[in-house]
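The data block below is target18.cif; it holds mmCIF, C-alpha atoms and all ligand atoms.
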data_my_file
#
loop_
_atom_site.label_atom_id
_atom_site.label_comp_id
_atom_site.auth_asym_id
_atom_site.auth_seq_id
_atom_site.Cartn_x
_atom_site.Cartn_y
_atom_site.Cartn_z
CA MET A 1 0.00 0.00 0.00
CA VAL A 2 1.90 2.97 -1.23
CA TRP A 3 -0.61 5.46 0.04
CA SER A 4 0.09 4.86 3.69
CA THR A 5 3.23 6.90 3.30
CA SER A 6 2.92 8.95 0.17
CA ASN A 7 -0.61 10.13 0.68
CA ARG A 8 -0.35 11.55 4.15
CA ARG A 9 0.51 14.97 2.94
CA ALA A 10 -2.52 15.05 0.70
CA ALA A 11 -4.67 14.13 3.66
CA LEU A 12 -3.82 17.32 5.46
CA PRO A 13 -6.73 19.74 5.71
CA ARG A 14 -6.86 22.72 3.44
CA ASP A 15 -6.29 25.09 6.33
CA TRP A 16 -3.31 23.12 7.57
CA PRO A 17 -0.95 26.10 7.29
CA ARG A 18 -3.17 27.97 9.73
CA ILE A 19 -3.55 25.04 12.05
CA ARG A 20 0.14 24.49 11.96
CA ARG A 21 0.90 28.07 12.83
CA ARG A 22 -1.60 27.99 15.64
CA ILE A 23 -0.04 24.89 17.16
CA LEU A 24 3.42 26.34 16.89
CA ARG A 25 2.16 29.39 18.72
CA ARG A 26 0.29 27.40 21.32
CA ASP A 27 3.44 25.46 22.09
CA LYS A 28 5.42 28.69 22.19
CA GLY A 29 7.53 27.75 19.24
CA VAL A 30 9.47 25.13 21.12
CA CYS A 31 9.67 21.42 20.61
CA THR A 32 7.34 19.62 22.99
CA ALA A 33 9.03 16.24 22.75
CA VAL A 34 9.84 14.76 26.11
CA PHE A 35 12.80 12.46 26.30
CA SER A 36 12.87 9.26 28.25
CA ASP A 37 14.62 11.04 31.11
CA GLY A 38 11.71 13.43 31.44
CA ARG A 39 13.35 16.51 29.98
CA GLN A 40 11.61 18.46 27.31
CA CYS A 41 13.52 18.96 24.11
CA GLY A 42 12.84 22.68 23.98
CA ARG A 43 14.55 23.36 20.69
CA PRO A 44 12.91 25.78 18.28
CA ALA A 45 9.97 23.98 16.76
CA THR A 46 9.68 23.86 13.02
CA ASP A 47 7.24 21.03 12.56
CA VAL A 48 3.74 20.21 13.73
CA ASP A 49 3.30 16.58 14.43
CA HIS A 50 0.31 14.29 14.62
CA ILE A 51 0.63 12.51 17.92
CA VAL A 52 -1.58 9.74 16.60
CA PRO A 53 -0.95 9.45 12.87
CA GLY A 54 -3.94 9.79 10.66
CA SER A 55 -6.61 12.31 9.92
CA ASP A 56 -7.23 13.68 13.38
CA HIS A 57 -6.19 17.29 12.99
CA ARG A 58 -7.63 18.51 16.26
CA ASP A 59 -5.37 20.51 18.49
CA ALA A 60 -5.25 17.74 21.07
CA ASN A 61 -3.60 15.47 18.53
CA LEU A 62 -1.09 18.02 17.36
CA ARG A 63 2.09 19.31 18.85
CA ALA A 64 5.11 21.31 17.91
CA LEU A 65 8.35 19.48 17.29
CA CYS A 66 11.78 20.43 16.12
CA GLY A 67 13.02 18.90 12.91
CA TRP A 68 15.35 16.62 14.79
CA CYS A 69 12.66 15.04 16.92
CA HIS A 70 10.27 14.80 14.04
CA ALA A 71 12.85 13.05 11.92
CA HIS A 72 13.91 10.75 14.69
CA LYS A 73 10.38 9.82 15.52
CA SER A 74 9.83 8.41 12.09
CA ALA A 75 13.34 7.30 11.28
CA SER A 76 14.09 5.50 14.49
CA GLU A 77 12.26 4.76 17.65
CA GLY A 78 15.24 4.78 19.90
CA GLY A 79 15.22 5.67 23.56
CA ALA A 80 15.58 9.36 22.87
CA ALA A 81 11.99 9.75 21.89
CA ALA A 82 9.74 8.25 24.52
CA GLY A 83 6.16 8.78 23.57
CA LEU A 84 7.08 9.67 20.05
CA ARG A 85 6.42 6.33 18.53
CA ALA A 86 4.54 5.69 15.37
CA VAL A 87 4.21 9.22 14.22
CA SER A 88 4.30 9.96 10.58
CA SER A 89 6.82 12.06 8.77
CA ALA A 90 4.06 13.85 6.94
CA ARG A 91 5.70 17.22 7.12
CA PRO A 92 9.18 17.74 5.81
CA THR A 93 11.07 20.39 7.68
CA PRO A 94 9.96 23.72 6.30
CA THR A 95 12.44 26.36 5.39
CA HIS A 96 11.21 28.70 8.07
CA PRO A 97 9.15 28.29 11.22
CA ALA A 98 6.30 30.51 10.06
CA LEU A 99 6.07 32.19 13.41
CA GLU A 100 6.57 35.68 12.22
CA ASP A 101 3.21 37.33 12.32
ZN ZN A 201 12.88 18.37 19.64
#

Do you think you could lay out the structure here as structure tokens?
Ligand SMILES: [Zn+2]
Amino acid sequence: MVWSTSNRRAALPRDWPRIRRRILRRDKGVCTAVFSDGRQCGRPATDVDHIVPGSDHRDANLRALCGWCHAHKSASEGGAAAGLRAVSSARPTPTHPALED
């Protein structure tokens, strides 16, 4: 099933850019990932992540992540990313954080 990976981007809602910006603001522009030792990542967030992959675009299922955590969540599920399992890599790292308005 090719679409489980390649179609995620298309499944994003039309107002995703607005949602994304809102989540980045809500999370104060910092990565909300919490490592296995309980510390929050806290790097500048560039991505908005679906906590549970799929089509649930409600705020409760979204959070700000830095590119590193987002990439690591999908690329590897090592100990650095407790709670970050099984999240899609739907959003490639954008060129800018879109926080400037
Ligand atoms: Zn992070």

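Of the listed residues A:Arg58, A:Arg22, A:Cys41, A:Trp16, the one whose atoms come nearest to ligand ZN 201 (chain A) is A:Cys41, with distances taken using only C-alpha atoms and all ligand atoms.
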
* Out of A:Asp37, A:Leu12, A:Arg63, A:Trp68, which residue has the shortest atom-to-atom distance to ligand ZN 201 (chain A) when counting only C-alpha atoms and all ligand atoms? ->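 Looking only at the distances to ligand ZN 201 (chain A), the closest residue turns out to be A:Trp68.
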
* Distance filter 7 Å around ligand ZN 201 (chain A), atoms: all atoms listed in the file, out as a ChimeraX atom specification -> /A:31-33,41-43,45,65-69

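Taking CA of Ala64 in chain A and CA of Ile23 in chain A as endpoints, the distance between them is 6.3 Å.
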
* To do: Grab the CA of Asp56 in chain A to CA of Gly38 in chain A distance for me, in Å with one decimal place.
  => 26.2 Å

* Asked: Nearest to Pro17 in chain A among A:Val48, A:His70, A:Pro53, A:Val30, with distances taken over all atoms listed in the file: which residue is it?
  ->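 Among the listed residues, the smallest separation from Pro17 in chain A belongs to A:Val48.
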
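Counting from CA of Asp49 in chain A, the distance to CA of Leu62 in chain A is 5.5 Å.
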
* A:Ile19, A:Leu24, A:Ala11, A:Ala71 ranked by distance to Ser55 in chain A, top pick (using only C-alpha atoms) -> A:Ala11

* Asked: Out of A:Val34, A:Arg18, A:Arg26, A:Pro13, which residue has the shortest atom-to-atom distance to Ala60 in chain A when counting only C-alpha atoms?
  ->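 Going through A:Val34, A:Arg18, A:Arg26, A:Pro13 one by one, the smallest distance to Ala60 in chain A is for A:Arg26.
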